[in-house]
Amino acid sequence: MVTSDQRRRQLAREKYERQQKRRAEARQKARRRMAVIGAAVAVVVATLVGLIVGGVFDSDKKDTAAEPSATPSAAPSPKQSPSPAMAIDPKAKYTFALKTSAGDIGFAMDAAKTPQTVNSFKYLADKGFFDNTKCHRLTSGGIFVLQCGDPQGTGMGGPGYNIPDENLDSLGKPNDQGQVVYPAGTVAMANTGQPGSGGSQFFLVYKDSPLAPSYTPFGKIDAAGMKVLEEIAKAGTVDGGQDGAPKNEVKIEKGTVTQN
C-alpha cells in the first residue's frame with residue numbers, strides 16, 4: 001500500500017518530469033525558430049551579395065571606376081523640364097572658361113558638331129549654374145578623368161533636363177571590346193549609361209582613356225588648362241584610391257561661355 005509520503009514524492013517526481021519535458025520542448029521550439037531565422041538571414045545576405053556582384057547597385061550597371069556617370073540609374077527620375085531653346089550660332093566658335101580654385105581651365109567647344117550640347121552649356125553658364133560647384137570625381141584606374149558640373153557635388157545632380165547625344169562616331173570605330181580612345185584633352189558629357197541622358201555633368205580627360213563611344217565629345221582643352229588638370233590628377237584622391245573626390249578640392253568659382 002502506498003503511503004501518503006510516497007504519494008507526495010511520486011506526484012513531485014511527475015511534476016518535475018512534466019516541467020523538464022516542457023522545458024525541453026521549449027528549447028526545441030527555440031532552436032527551430034533560430035534555424036528559420038538563420039536561414040532567412042542567409043538568403044538575404046546571399047541575395048545582397050549577388051546583387052552587389054552583379055552590379056545592381058552600380059550607377060551605370062557597369063564598373064563605376066571605369067565609366068563617367070551622372071546619376072545612379074536606380075534612383076527615381078526627377079520631373080524633367082524642356083531643354084533650352086536653340087540660341088547659339090552653330091557656325092560660330094565658343095569657348096568655355098573655368099576659373100577654378102586649382103587654376104584656370106579653358107576649352108574650345110565644337111558647336112558645329114555638338115550644337116545641342118554647346119547651346120545647353122551656354123544657357124547654363126549664363127545663369128551662373130556652374131559657379132561655386134565642385135569637381136566631385138577624379139579617376140586614375142582604367143580611365144583618367146576629372147568630372148565636374150554637378151551643382152550638388154555628389155554625382156547625382158543636374159539641370160532638370162536632358163540633352164541628346166551628339167558626335168558619338170567622331171572618335172573612330174570601336175575595338176573588339178566596344179571601346180574607342182578618348183584622347184587627353186577631350187571634354188565629354190557624362191551620363192547614366194542610357195542614351196540621351198546627359199545633363200550638366202562633364203568630364204575632362206587628362207590621359208588617353210578607353211571608353212564606350214557613349215559620351216558626347218564636345219570640347220578640347222587648351223595647353224594651359226591641361227597643365228592645371230595634370231597637377232590636379234597628380235595629387236590623387238582624398239582616400240588615395242583610383243576613384244574618388246580629388247585630394248585637393250577643385251571648385252569652379254566661375255564658368256563662362258563666350259562666342260569667339
# chains A, B, ... in the order shown; residues from 1 in each chain; ligands from 1
$ residues_around --residues "Asp89 (chain A)" --least-positions-apart "4" --cutoff "12 Å" --atoms "only C-alpha atoms" --output "short mmCIF file (atom, residue, chain, number, x, y, z; two decimals) with C-alpha atoms, in the first residue's frame"
data_model
loop_
_atom_site.label_atom_id
_atom_site.label_comp_id
_atom_site.auth_asym_id
_atom_site.auth_seq_id
_atom_site.Cartn_x
_atom_site.Cartn_y
_atom_site.Cartn_z
CA LYS A 93 33.16 79.16 -82.26
CA TYR A 94 32.61 79.09 -78.50
CA ASP A 110 32.60 72.30 -81.25
CA ALA A 111 29.25 73.97 -81.91
CA ALA A 112 29.07 72.65 -85.48
CA LYS A 113 29.14 69.01 -84.38
CA THR A 114 27.51 69.38 -80.94
CA PRO A 115 25.05 72.29 -81.20
CA GLN A 116 22.61 70.98 -78.56
CA VAL A 118 27.07 73.79 -76.62
CA ASN A 119 23.69 75.55 -76.52
CA LYS A 122 25.89 78.48 -72.88
CA THR A 258 31.82 83.18 -74.81
CA GLN A 259 31.45 83.36 -78.57
CA ASN A 260 34.84 83.94 -80.20
#
$ closest_atom_pairs --of "region 202-226 of chain A" --to "region 128-147 of chain A" --cutoff "8 Å" --atoms "only C-alpha atoms" --output "tab-separated table"
residue	atom	partner	partner_atom	distance
A:Phe202	CA	A:Gln147	CA	5.7
A:Phe203	CA	A:Gln147	CA	4.2
A:Leu204	CA	A:Leu146	CA	5.1
A:Val205	CA	A:Val145	CA	4.5
A:Tyr206	CA	A:Val145	CA	5.9
A:Lys207	CA	A:Phe144	CA	5.5
A:Asp208	CA	A:Phe144	CA	7.1
A:Ser209	CA	A:Ile143	CA	4.6
A:Pro210	CA	A:Ile143	CA	6.4
A:Leu211	CA	A:Ile143	CA	7.6
$ residues_around --residues "region 218-221 of chain A" --least-positions-apart "5" --cutoff "7 Å" --atoms "only C-alpha atoms" --output "PyMOL selection string"
chain A and resi 106-110+114+185-188+226
$ write_last_selection --atoms "C-alpha atoms" --output "short mmCIF file (atom, residue, chain, number, x, y, z; two decimals), in the first residue's frame"
data_model
loop_
_atom_site.label_atom_id
_atom_site.label_comp_id
_atom_site.auth_asym_id
_atom_site.auth_seq_id
_atom_site.Cartn_x
_atom_site.Cartn_y
_atom_site.Cartn_z
CA GLY A 106 39.64 76.68 -70.82
CA PHE A 107 38.37 74.62 -73.71
CA ALA A 108 37.03 75.26 -77.18
CA MET A 109 33.61 73.78 -77.91
CA ASP A 110 32.60 72.30 -81.25
CA THR A 114 27.51 69.38 -80.94
CA GLY A 185 42.45 67.00 -73.67
CA THR A 186 38.96 65.83 -74.63
CA VAL A 187 35.91 67.21 -72.82
CA ALA A 188 32.85 64.96 -72.96
CA MET A 226 45.96 70.74 -69.43
#
$ select_by_dssp --residues "region 116-173 of chain A" --states "helix (DSSP H, G or I)" --output "ChimeraX atom specification"
/A:116-126
$ atom_distance --atom1 "CA of Ser200 (chain A)" --atom2 "CA of Tyr123 (chain A)"
10.7 Å
$ closest_residue --among "A:Pro82, A:Gly241, A:Gly103, A:Pro68" --to "Ala224 (chain A)" --atoms "only C-alpha atoms"
A:Gly103
$ residues_around --residues "Gln179 (chain A)" --least-positions-apart "4" --cutoff "9 Å" --atoms "only C-alpha atoms" --output "ChimeraX atom specification"
/A:173-175,210-213
$ atom_distance --atom1 "CA of Ala85 (chain A)" --atom2 "CA of Pro217 (chain A)"
21.0 Å
$ atom_distance --atom1 "CA of Val257 (chain A)" --atom2 "CA of Ile88 (chain A)"
10.9 Å
$ closest_residue --among "A:Asn191, A:Gln201, A:Gln28, A:Asn248" --to "Pro159 (chain A)" --atoms "only C-alpha atoms"
A:Gln201
$ residues_around --residues "Gly199 (chain A)" --least-positions-apart "3" --cutoff "10 Å" --atoms "only C-alpha atoms" --output "mmCIF file with N, CA, C and O atoms, in the first residue's frame"
data_model
loop_
_atom_site.group_PDB
_atom_site.id
_atom_site.type_symbol
_atom_site.label_atom_id
_atom_site.label_comp_id
_atom_site.auth_asym_id
_atom_site.auth_seq_id
_atom_site.Cartn_x
_atom_site.Cartn_y
_atom_site.Cartn_z
ATOM 1 N N ALA A 70 26.532 60.104 -64.386
ATOM 2 C CA ALA A 70 25.936 61.358 -63.960
ATOM 3 C C ALA A 70 25.027 61.195 -62.765
ATOM 4 O O ALA A 70 24.996 62.006 -61.869
ATOM 5 N N THR A 71 24.281 60.117 -62.731
ATOM 6 C CA THR A 71 23.358 59.891 -61.625
ATOM 7 C C THR A 71 22.997 58.426 -61.585
ATOM 8 O O THR A 71 22.908 57.788 -62.631
ATOM 9 N N SER A 83 14.475 71.105 -72.533
ATOM 10 C CA SER A 83 15.817 71.632 -72.747
ATOM 11 C C SER A 83 15.703 73.033 -73.339
ATOM 12 O O SER A 83 14.685 73.387 -73.942
ATOM 13 N N THR A 117 24.566 70.417 -77.241
ATOM 14 C CA THR A 117 25.410 70.426 -76.041
ATOM 15 C C THR A 117 25.958 71.820 -75.767
ATOM 16 O O THR A 117 25.888 72.323 -74.637
ATOM 17 N N SER A 120 23.268 74.169 -74.558
ATOM 18 C CA SER A 120 22.913 73.923 -73.163
ATOM 19 C C SER A 120 23.953 74.527 -72.223
ATOM 20 O O SER A 120 23.610 75.161 -71.217
ATOM 21 N N PHE A 121 25.235 74.355 -72.540
ATOM 22 C CA PHE A 121 26.289 74.898 -71.676
ATOM 23 C C PHE A 121 26.273 76.419 -71.675
ATOM 24 O O PHE A 121 26.517 77.044 -70.632
ATOM 25 N N GLY A 149 30.506 69.625 -62.938
ATOM 26 C CA GLY A 149 29.215 70.037 -63.476
ATOM 27 C C GLY A 149 28.005 69.651 -62.664
ATOM 28 O O GLY A 149 26.872 69.871 -63.114
ATOM 29 N N ASP A 150 28.220 69.089 -61.481
ATOM 30 C CA ASP A 150 27.093 68.716 -60.627
ATOM 31 C C ASP A 150 26.909 69.795 -59.553
ATOM 32 O O ASP A 150 27.792 69.986 -58.720
ATOM 33 N N GLY A 157 23.462 65.264 -59.285
ATOM 34 C CA GLY A 157 22.732 66.471 -59.647
ATOM 35 C C GLY A 157 22.738 66.748 -61.136
ATOM 36 O O GLY A 157 23.518 66.192 -61.901
ATOM 37 N N GLY A 158 21.843 67.638 -61.537
ATOM 38 C CA GLY A 158 21.756 68.025 -62.937
ATOM 39 C C GLY A 158 20.887 69.251 -63.100
ATOM 40 O O GLY A 158 20.411 69.837 -62.120
ATOM 41 N N PRO A 159 20.628 69.641 -64.352
ATOM 42 C CA PRO A 159 19.881 70.874 -64.608
ATOM 43 C C PRO A 159 18.363 70.689 -64.616
ATOM 44 O O PRO A 159 17.635 71.664 -64.758
ATOM 45 N N GLY A 160 17.889 69.446 -64.520
ATOM 46 C CA GLY A 160 16.448 69.209 -64.571
ATOM 47 C C GLY A 160 15.947 68.895 -65.959
ATOM 48 O O GLY A 160 14.734 68.784 -66.185
ATOM 49 N N TYR A 161 16.877 68.736 -66.904
ATOM 50 C CA TYR A 161 16.504 68.320 -68.261
ATOM 51 C C TYR A 161 17.645 67.503 -68.843
ATOM 52 O O TYR A 161 18.758 67.489 -68.308
ATOM 53 N N ASN A 162 17.378 66.820 -69.943
ATOM 54 C CA ASN A 162 18.402 66.044 -70.635
ATOM 55 C C ASN A 162 18.597 66.586 -72.036
ATOM 56 O O ASN A 162 17.705 67.204 -72.608
ATOM 57 N N ILE A 163 19.783 66.336 -72.582
ATOM 58 C CA ILE A 163 20.070 66.725 -73.959
ATOM 59 C C ILE A 163 20.476 65.480 -74.742
ATOM 60 O O ILE A 163 20.959 64.506 -74.171
ATOM 61 N N PRO A 164 20.272 65.495 -76.061
ATOM 62 C CA PRO A 164 20.585 64.308 -76.862
ATOM 63 C C PRO A 164 22.091 64.082 -77.003
ATOM 64 O O PRO A 164 22.888 65.012 -76.852
ATOM 65 N N MET A 189 30.559 64.643 -72.328
ATOM 66 C CA MET A 189 29.419 64.608 -71.421
ATOM 67 C C MET A 189 29.391 63.313 -70.616
ATOM 68 O O MET A 189 29.601 62.229 -71.165
ATOM 69 N N ALA A 190 29.105 63.424 -69.323
ATOM 70 C CA ALA A 190 28.815 62.245 -68.509
ATOM 71 C C ALA A 190 27.334 61.918 -68.680
ATOM 72 O O ALA A 190 26.537 62.770 -69.081
ATOM 73 N N ASN A 191 26.966 60.678 -68.401
ATOM 74 C CA ASN A 191 25.550 60.296 -68.463
ATOM 75 C C ASN A 191 25.296 59.079 -67.593
ATOM 76 O O ASN A 191 26.203 58.568 -66.933
ATOM 77 N N THR A 192 24.065 58.603 -67.577
ATOM 78 C CA THR A 192 23.708 57.471 -66.725
ATOM 79 C C THR A 192 23.985 56.128 -67.371
ATOM 80 O O THR A 192 23.722 55.091 -66.784
ATOM 81 N N GLY A 196 20.812 59.543 -74.502
ATOM 82 C CA GLY A 196 20.121 60.806 -74.290
ATOM 83 C C GLY A 196 19.922 61.185 -72.846
ATOM 84 O O GLY A 196 18.958 61.867 -72.511
ATOM 85 N N PHE A 202 30.085 66.850 -66.877
ATOM 86 C CA PHE A 202 31.035 66.614 -67.962
ATOM 87 C C PHE A 202 32.350 66.140 -67.369
ATOM 88 O O PHE A 202 32.590 66.268 -66.163
#
